[in-house]
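Working notes, structure below.
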There are 2 protein chains.
Amino acid sequence: MKNFVYHNPTKILFGRDTISRIGPETATYGANVLLVYGQGSILRNGVHHQVIESLNKAGCTVVEFGGVQPNPTLRQVKEGVDILRRKNCGVICAVGGGSVIDTAKAISCAHPAPHDVWRFFTAKKSIKSAVPLTCIATVAGSGSENNSGMVITNEEKQHKFGYGSRLLHPKVSILDPRTTYTVPEKQTAYGAVDIISHLVEFYCTNSVEFFPLQKRIMEGIIESVMQNTEIALRNPTDYDSRAQLLWSASLALSGLPSAGLGRVGMPMHLIEHSISALHDTIHGAGLAVILPAWLEFEGRSRPRKIAGLGRRLFGLAGADDEDIAAATAQQFKQWFEQINCPVSLTSLIGECNLLPIGENTRFLAKIWRLQEYDREKVLSILDLCR
Amino acid sequence: MKNFVYHNPTKILFGRDTISRIGPETATYGANVLLVYGQGSILRNGVHHQVIESLNKAGCTVVEFGGVQPNPTLRQVKEGVDILRRKNCGVICAVGGGSVIDTAKAISCAHPAPHDVWRFFTAKKSIKSAVPLTCIATVAGSGSENNSGMVITNEEKQHKFGYGSRLLHPKVSILDPRTTYTVPEKQTAYGAVDIISHLVEFYCTNSVEFFPLQKRIMEGIIESVMQNTEIALRNPTDYDSRAQLLWSASLALSGLPSAGLGRVGMPMHLIEHSISALHDTIHGAGLAVILPAWLEFEGRSRPRKIAGLGRRLFGLAGADDEDIAAATAQQFKQWFEQINCPVSLTSLIGECNLLPIGENTRFLAKIWRLQEYDREKVLSILDLCR
């Protein structure tokens with residue numbers, strides 16, 4: 001095992017009737033709240049009303065910043081910072097999925113920064129302070145409600161970059177699985193792919209050999225996600241499957257499954273970020289296309305871990321690691337198809353010139369210290385995605 | 001899934017050469033440090049020297065309180081409080097296993113309390129404040145370095161009771177697996193039994209049905225503990241197995257595997273506490289005797305979960321839950337024997353009158369809300385331990 005620091009101070013309030021706690025929890029950090037949310041689903045399902053009611057009851061004034069879009073943009077972050085400054089908000093409350101929470105995180109560190117917030121994402125500056133953040137996670141996917149990372153798209157530069165800092169951990173995150181009942185089928189499936197891909201990145205892409213403890217935990221979460229996604233798609237209001245998906249998402253990227261693995265690259269996310277920076281595709285949909293192709297590609301040169309995962313997860317039998325790794329890629333692909341995710345690049349973005357994607361990755365790969373993912377390697381993987 | 005709050009703010013520094021961080025980390029909370037440790041193993045293996053050096057280098061004055069014994073006592077807690085008060089220590093640093101860390105936790109909440117500290121353990125009072133605590137965990141077992149609980153024996157009353165509060169979370173815990181190289185074979189094995197028993201308690205004793213996510217995580221940790229214990233016993237200085245054991249211990253009782261399970265009883269611990277309150281036996285050794293007997297006993301009336309665990313963990317095949325549950329109990333017993341743990345009450349405490357154990361549990365069971373564990377039930381289980 002490699003050395004690690006594990007420190008996740010986010011307080012999780014999980015379960016039924018927990019939304020009403022957002023008021024008192026947020027009021028601890030300030031009375032003037034910037035409420036960040038997305039495209040209106042929380043208006044339709046009643047969560048917005050519950051949040052406002054709870055915040056007001058706790059004595060908070062609420063300034064609303066709705067309309068955050070998927071693949072959240074630097075432009076919107078800056079709009080949010082403007083509002084926060086004009087209205088003198090001392091605390092941010094994010095209600096939504098990963099895009100909303102990531103936007104709120106970016107606002108939280110942009111406000112006190114004496115420079116453009118994008119300099120964090122290009123690793124030119126590190127975060128020194130942040131406005132306190134509370135969250136209600138309404139989608140099982142990114143896990144942003146329980147970690148220190150954020151991903152934002154600079155639409156002018158067509159760069160979708162991530163950045164992390166311990167100061168970005170939400171103070172409190174509330175997870176009521178019932179808020180995810182209204183997440184549409186497609187988004188439910190994409191969220192599942194996102195959770196799985198986080199774990200497969202850790203499992204298969206780190207350069208060192210690692211250990212049963214971490215493998216068993218990751219396999220366990222993936223198995224549970226697959227099982228519960230199928231249930232939730234059949235019955236969107238099945239509480240327990242929604243609950244397990246939401247908690248799985250929060251755990252997968254919490255730092256815990258990857259603790260001790262050493263540096264883990266996230267090459268599938270690297271490629272997805274380049275695709276969606278250029279084509280504004282949905283994160284989980286992109287990953288559904290990339291993950292099987294990446295496993296196929298990597299399985300040719302370093303099949304052992306992938307085969308190990310396939311044997312455990314899908315009960316694949318046989319001694320040849322390369323065969324089993326290829327079969328593992330196929331199994332994921334079939335399952336993604338089964339839950340109606342796109343599994344080819346054509347169905348994701350149509351026929352198009354792939355060169356710009358390879359080009360886009362070059363800059364990003366340098367920042368992520370994944371220099372081996374140059375244009376050629378990315379194009380080879382994309383070729384398997386067709 | 002049941003509602004839960006998960007909030008574990010302890011910062012973990014894990015790995016090689018991390019002990020030198022104890023000085024700066026502790027100095028954050030105060031310059032006058034009460035250093036709590038045990039029977040001298042840290043003097044022999046050099047850890048004591050490293051700790052003192054790091055604390056001094058960070059500008060701390062160190063007041064030593066060594067000699068904490070296994071099954072730590074209320075008397076020693078009070079001695080520690082006296083020293084802390086006389087020497088005006090503002091922070092506690094615990095270096096050792098569960099007994100040492102639990103003693104330090106008890107001192108930390110006893111100092112500010114306006115009443116006898118034992119009133120926490122009898123659930124008469126709740127903790128309102130505690131002296132900050134930093135830890136170096138040198139044994140893989142209790143997991144006290146990463147949780148909010150403590151267990152102390154009131155030797156006058158012959159009661160071994162546990163208590164928990166969020167204020168007892170260590171601020172920082174340092175885990176260098178190399179500090180566990182010198183843990184003797186027996187203690188290594190007992191630690192493994194302790195970790196496993198924590199998870200089996202959660203897995204098998206909660207009253208509600210639960211879910212693949214939690215099951216898979218717990219099975220994964222148990223499997224890893226069994227595998228790594230065998231390696232560590234063959235080669236005590238195998239870094240990776242020691243590392244996985246130490247991290248498994250910290251995870252098992254961190255609140256994470258049990259999050260969402262609802263109220264979990266800990267009846268095996270209940271019985272062990274009564275045995276060791278009366279006979280001063282070693283915690284893990286007692287659990288090695290009790291766990292198989294408890295599984296056998298419970299397997300007769302509610303075999304399903306136990307059988308599920310046995311199928312996953314030991315690959316036991318067959319449709320009859322009762323048979324598989326009994327075989328699961330046997331498998332654990334055989335493995336405990338294999339790692340040289342006692343598996344009979346006679347080898348643990350010799351031939352003796354069991355009635356006082358049943359009597360001792362009555363009071364404890366009431367506090368733990370496990371009233372069904374009356375004298376008769378406990379004696380039936382102890383009968384299977386013979």
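In the structure tokens, the first chain shown is A, the next is B, and so on; residue numbers restart at 1 for each chain, and ligands run from 1 in the order shown.
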Discussion item. Could you work out which residues of chain A fall inside 7 Å of chain B? Count only C-alpha atoms, and format the result as JSON, numbers by chain.
Written reply: {"A": [1, 2, 3, 4, 5, 6, 7, 8, 9, 10, 11, 12, 13, 14, 15, 16, 212, 213, 216, 217, 220, 221, 224, 240, 243, 244]}
Practice prompt. Return as a PyMOL selection string the full set of residues in region 71-238 of chain B whose backbone-based DSSP assignment is helix (DSSP H, G or I).
Written response: chain B and resi 74-86+98-110+118-121+144-146+166-168+177-180+185-205+212-234
Fill in: Exercise: region 264-278 of chain A partners within 8 Å, only C-alpha atoms, chain neighbours under 5 positions left out, as a PyMOL selection string
chain A and resi 71+153+155+158-161+197-198+201-202+205-207+258+283+286-287+290-291+294+357-358+360-361+364-365+368+370+373+378
Resulting file, chosen residues, C-alpha atoms, as a compact mmCIF listing (two decimals), in the first residue's frame:
```txt
# COMPACT_ATOMS: atom_id res chain seq x y z
CA ASN A 71 -21.31 20.46 -18.23
CA THR A 153 -15.93 23.79 -18.68
CA GLU A 155 -16.45 27.22 -23.07
CA GLN A 158 -13.24 24.42 -25.06
CA HIS A 159 -11.50 22.94 -22.04
CA LYS A 160 -13.32 20.83 -19.43
CA PHE A 161 -11.00 20.64 -16.45
CA SER A 197 -16.29 4.34 -14.13
CA HIS A 198 -14.82 6.09 -11.08
CA GLU A 201 -10.44 3.98 -13.13
CA PHE A 202 -9.03 3.30 -9.66
CA THR A 205 -5.34 2.50 -14.09
CA ASN A 206 -2.94 2.88 -11.22
CA SER A 207 0.53 1.77 -11.96
CA SER A 258 -8.71 4.71 -3.67
CA HIS A 283 -20.68 12.82 -18.94
CA GLY A 286 -19.61 9.50 -22.90
CA LEU A 287 -18.16 7.18 -20.30
CA ILE A 290 -15.31 4.97 -23.60
CA LEU A 291 -15.12 2.47 -20.74
CA TRP A 294 -10.56 1.61 -22.94
CA ILE A 357 -10.51 15.38 -29.63
CA GLY A 358 -6.98 14.03 -29.74
CA ASN A 360 -7.86 18.69 -26.96
CA THR A 361 -6.52 15.93 -24.76
CA LEU A 364 -5.43 18.41 -20.51
CA ALA A 365 -3.17 15.34 -20.29
CA TRP A 368 -3.33 15.66 -15.33
CA LEU A 370 -1.11 11.60 -18.08
CA TYR A 373 -2.33 9.97 -23.48
CA VAL A 378 -6.51 8.72 -27.67
```
Worksheet item: What separation in Å, quoted to one decimal, exists between CA of Val33 (chain A) and CA of Ala104 (chain A)?
Response: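 CA of Val33 (chain A) sits 11.7 Å away from CA of Ala104 (chain A).
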Worksheet item: Which is closest to Gln76 (chain A) among A:Glu337, A:Val95, A:Ala31, A:Asn154, if we use only C-alpha atoms?
Response: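 Comparing A:Glu337, A:Val95, A:Ala31, A:Asn154 against Gln76 (chain A), the winner is A:Asn154.
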Discussion item. Can you measure CA of Leu316 (chain B) to CA of Arg304 (chain B) for me? One decimal in Å is fine.
Written reply: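 Separating CA of Leu316 (chain B) from CA of Arg304 (chain B) is a distance of 13.2 Å.
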Worksheet entry | DSSP-assigned strand (DSSP E or B) among region 165-366 of chain A, expressed as a PyMOL selection string | chain A and resi 172-175
Keeping only C-alpha atoms, write the selected residues to a file as a PDB file, in the first residue's frame.
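Saved the output as out.pdb:
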```
ATOM      1  CA  VAL A 172     -22.812  19.112   5.259  1.00  0.00           C
ATOM      2  CA  SER A 173     -24.484  17.045   2.554  1.00  0.00           C
ATOM      3  CA  ILE A 174     -28.046  15.886   2.800  1.00  0.00           C
ATOM      4  CA  LEU A 175     -29.031  12.801   0.824  1.00  0.00           C
TER       5      LEU A 175
END
```
Discussion item. Just want the 6 Å neighbourhood of region 53-66 of chain A, counted on only C-alpha atoms, with same-chain residues fewer than 4 positions away dropped. Output as a ChimeraX atom specification.
Written reply: /A:20,23-24,31-38
Restrict the selected residues to C-alpha atoms and save them as an mmCIF file, in the first residue's frame.
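Done, and the output landed in again-v7.cif:
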```cif
data_model
loop_
_atom_site.group_PDB
_atom_site.id
_atom_site.type_symbol
_atom_site.label_atom_id
_atom_site.label_comp_id
_atom_site.auth_asym_id
_atom_site.auth_seq_id
_atom_site.Cartn_x
_atom_site.Cartn_y
_atom_site.Cartn_z
ATOM 1 C CA SER A 20 -35.819 19.872 6.505
ATOM 2 C CA GLY A 23 -32.013 25.243 7.194
ATOM 3 C CA PRO A 24 -30.421 24.740 10.610
ATOM 4 C CA ALA A 31 -27.705 33.859 7.426
ATOM 5 C CA ASN A 32 -27.433 35.088 3.858
ATOM 6 C CA VAL A 33 -27.535 32.090 1.551
ATOM 7 C CA LEU A 34 -26.758 31.756 -2.151
ATOM 8 C CA LEU A 35 -28.987 28.913 -3.321
ATOM 9 C CA VAL A 36 -27.527 27.233 -6.413
ATOM 10 C CA TYR A 37 -29.606 24.848 -8.484
ATOM 11 C CA GLY A 38 -30.120 23.542 -11.990
#
```
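For the pair CA of Asn340 (chain B) and CA of Ile195 (chain B), the interatomic distance is 16.2 Å.
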Worksheet item: Within 12 Å of Ser347 (chain B), counting only C-alpha atoms, which residues qualify if same-chain residues fewer than 5 places away don't, as a list in words?
Response: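 Returned residues: Thr281, Ala285, Gly286, Ala288, Val289, Glu337, Asn340, Cys341, Pro342, Cys352, Cys385 and Arg386 of chain B.
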For those residues, write all heavy atoms to a file as a CSV table (one decimal), in the first residue's frame.
```csv
chain,number,residue,atom,x,y,z
B,281,THR,N,-9.8,-11.5,30.8
B,281,THR,CA,-9.3,-12.2,29.5
B,281,THR,C,-9.0,-11.1,28.4
B,281,THR,O,-9.5,-10.0,28.5
B,281,THR,CB,-10.3,-13.2,29.0
B,281,THR,OG1,-11.6,-12.5,29.1
B,281,THR,CG2,-10.3,-14.4,29.9
B,285,ALA,N,-9.3,-12.7,22.2
B,285,ALA,CA,-9.3,-14.2,22.6
B,285,ALA,C,-10.7,-14.6,23.0
B,285,ALA,O,-11.2,-15.6,22.5
B,285,ALA,CB,-8.3,-14.4,23.7
B,286,GLY,N,-11.3,-13.7,23.7
B,286,GLY,CA,-12.7,-14.0,24.2
B,286,GLY,C,-13.6,-14.1,23.0
B,286,GLY,O,-14.5,-15.0,22.9
B,288,ALA,N,-12.9,-14.9,19.9
B,288,ALA,CA,-12.6,-16.1,19.2
B,288,ALA,C,-13.4,-17.3,19.7
B,288,ALA,O,-13.8,-18.2,19.0
B,288,ALA,CB,-11.1,-16.4,19.2
B,289,VAL,N,-13.6,-17.3,21.0
B,289,VAL,CA,-14.4,-18.3,21.6
B,289,VAL,C,-15.9,-18.1,21.4
B,289,VAL,O,-16.7,-19.1,21.0
B,289,VAL,CB,-14.2,-18.4,23.2
B,289,VAL,CG1,-15.1,-19.4,23.9
B,289,VAL,CG2,-12.7,-18.7,23.4
B,337,GLU,N,-8.8,-21.5,15.1
B,337,GLU,CA,-7.8,-22.5,15.6
B,337,GLU,C,-6.5,-22.4,14.8
B,337,GLU,O,-5.4,-22.5,15.4
B,337,GLU,CB,-8.4,-23.9,15.5
B,337,GLU,CG,-9.2,-24.3,16.7
B,337,GLU,CD,-9.7,-25.8,16.5
B,337,GLU,OE1,-10.3,-26.1,15.5
B,337,GLU,OE2,-9.4,-26.6,17.5
B,340,ASN,N,-4.2,-20.0,16.0
B,340,ASN,CA,-3.8,-20.2,17.4
B,340,ASN,C,-4.6,-19.4,18.4
B,340,ASN,O,-4.0,-19.0,19.4
B,340,ASN,CB,-2.3,-20.0,17.6
B,340,ASN,CG,-1.5,-21.2,17.0
B,340,ASN,OD1,-1.9,-22.3,17.1
B,340,ASN,ND2,-0.5,-20.9,16.2
B,341,CYS,N,-5.8,-19.2,18.1
B,341,CYS,CA,-6.7,-18.5,19.1
B,341,CYS,C,-7.4,-19.6,19.9
B,341,CYS,O,-7.6,-20.7,19.4
B,341,CYS,CB,-7.8,-17.7,18.4
B,341,CYS,SG,-7.1,-16.2,17.7
B,342,PRO,N,-7.7,-19.3,21.2
B,342,PRO,CA,-8.6,-20.3,21.9
B,342,PRO,C,-9.9,-20.4,21.3
B,342,PRO,O,-10.4,-19.4,20.8
B,342,PRO,CB,-8.6,-19.7,23.3
B,342,PRO,CG,-8.4,-18.2,23.1
B,342,PRO,CD,-7.5,-18.1,21.9
B,352,CYS,N,-15.1,-23.2,35.3
B,352,CYS,CA,-15.6,-22.3,36.3
B,352,CYS,C,-17.1,-22.1,36.3
B,352,CYS,O,-17.7,-22.5,35.3
B,352,CYS,CB,-14.8,-20.9,36.2
B,352,CYS,SG,-15.4,-20.0,34.8
B,385,CYS,N,-19.9,-22.7,24.0
B,385,CYS,CA,-18.5,-22.3,23.9
B,385,CYS,C,-17.6,-23.3,24.6
B,385,CYS,O,-16.4,-23.2,24.5
B,385,CYS,CB,-18.3,-21.0,24.7
B,385,CYS,SG,-19.1,-19.5,23.9
B,386,ARG,N,-18.2,-24.2,25.4
B,386,ARG,CA,-17.3,-25.0,26.2
B,386,ARG,C,-16.3,-25.8,25.4
B,386,ARG,O,-16.5,-26.2,24.3
B,386,ARG,CB,-18.2,-26.0,27.0
B,386,ARG,CG,-18.8,-25.4,28.2
B,386,ARG,CD,-19.7,-26.4,28.9
B,386,ARG,NE,-20.5,-25.7,30.0
B,386,ARG,CZ,-20.0,-25.4,31.2
B,386,ARG,NH1,-18.8,-25.7,31.5
B,386,ARG,NH2,-20.8,-24.9,32.1
```
Residues at most 9 Å from region 43-47 of chain B, counting only C-alpha atoms, excluding those fewer than 4 positions away in the same chain, as a PDB file with N, CA, C and O atoms, in the first residue's frame?
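Contents of around-v5.pdb, freshly written:
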```pdb
ATOM      1  N   ILE B  19       5.258   8.919  11.419  1.00  0.00           N
ATOM      2  CA  ILE B  19       5.297   9.206  12.860  1.00  0.00           C
ATOM      3  C   ILE B  19       5.871  10.596  13.137  1.00  0.00           C
ATOM      4  O   ILE B  19       5.439  11.284  14.058  1.00  0.00           O
ATOM      5  N   GLN B  39       2.285  -0.729  27.957  1.00  0.00           N
ATOM      6  CA  GLN B  39       3.160  -1.501  28.826  1.00  0.00           C
ATOM      7  C   GLN B  39       4.620  -1.467  28.379  1.00  0.00           C
ATOM      8  O   GLN B  39       5.425  -2.256  28.841  1.00  0.00           O
ATOM      9  N   VAL B  51       8.432   9.601  18.788  1.00  0.00           N
ATOM     10  CA  VAL B  51       7.306  10.477  19.152  1.00  0.00           C
ATOM     11  C   VAL B  51       7.799  11.657  19.976  1.00  0.00           C
ATOM     12  O   VAL B  51       7.462  12.816  19.699  1.00  0.00           O
ATOM     13  N   ILE B  52       8.608  11.356  20.986  1.00  0.00           N
ATOM     14  CA  ILE B  52       9.138  12.421  21.851  1.00  0.00           C
ATOM     15  C   ILE B  52       9.934  13.423  21.013  1.00  0.00           C
ATOM     16  O   ILE B  52       9.775  14.640  21.145  1.00  0.00           O
ATOM     17  N   VAL B  95      -0.462   6.773  22.093  1.00  0.00           N
ATOM     18  CA  VAL B  95       0.345   5.934  21.206  1.00  0.00           C
ATOM     19  C   VAL B  95       0.191   4.488  21.658  1.00  0.00           C
ATOM     20  O   VAL B  95       0.710   4.102  22.722  1.00  0.00           O
ATOM     21  N   THR B 179       4.959   0.113  12.653  1.00  0.00           N
ATOM     22  CA  THR B 179       4.885   0.054  14.122  1.00  0.00           C
ATOM     23  C   THR B 179       4.234  -1.250  14.576  1.00  0.00           C
ATOM     24  O   THR B 179       4.339  -1.616  15.743  1.00  0.00           O
ATOM     25  N   THR B 182       6.218  -5.462  15.358  1.00  0.00           N
ATOM     26  CA  THR B 182       6.618  -6.131  16.601  1.00  0.00           C
ATOM     27  C   THR B 182       5.424  -6.613  17.429  1.00  0.00           C
ATOM     28  O   THR B 182       5.610  -7.113  18.539  1.00  0.00           O
TER      29      THR B 182
END
```
Discussion item. List as a PyMOL selection string the protein and nucleic acid residues near Ser165 (chain A), meaning an atom at most 10 Å away when only C-alpha atoms are counted, but skip any in the same chain fewer than 6 places from it.
Written reply: chain A and resi 109+120+126-130+147-150
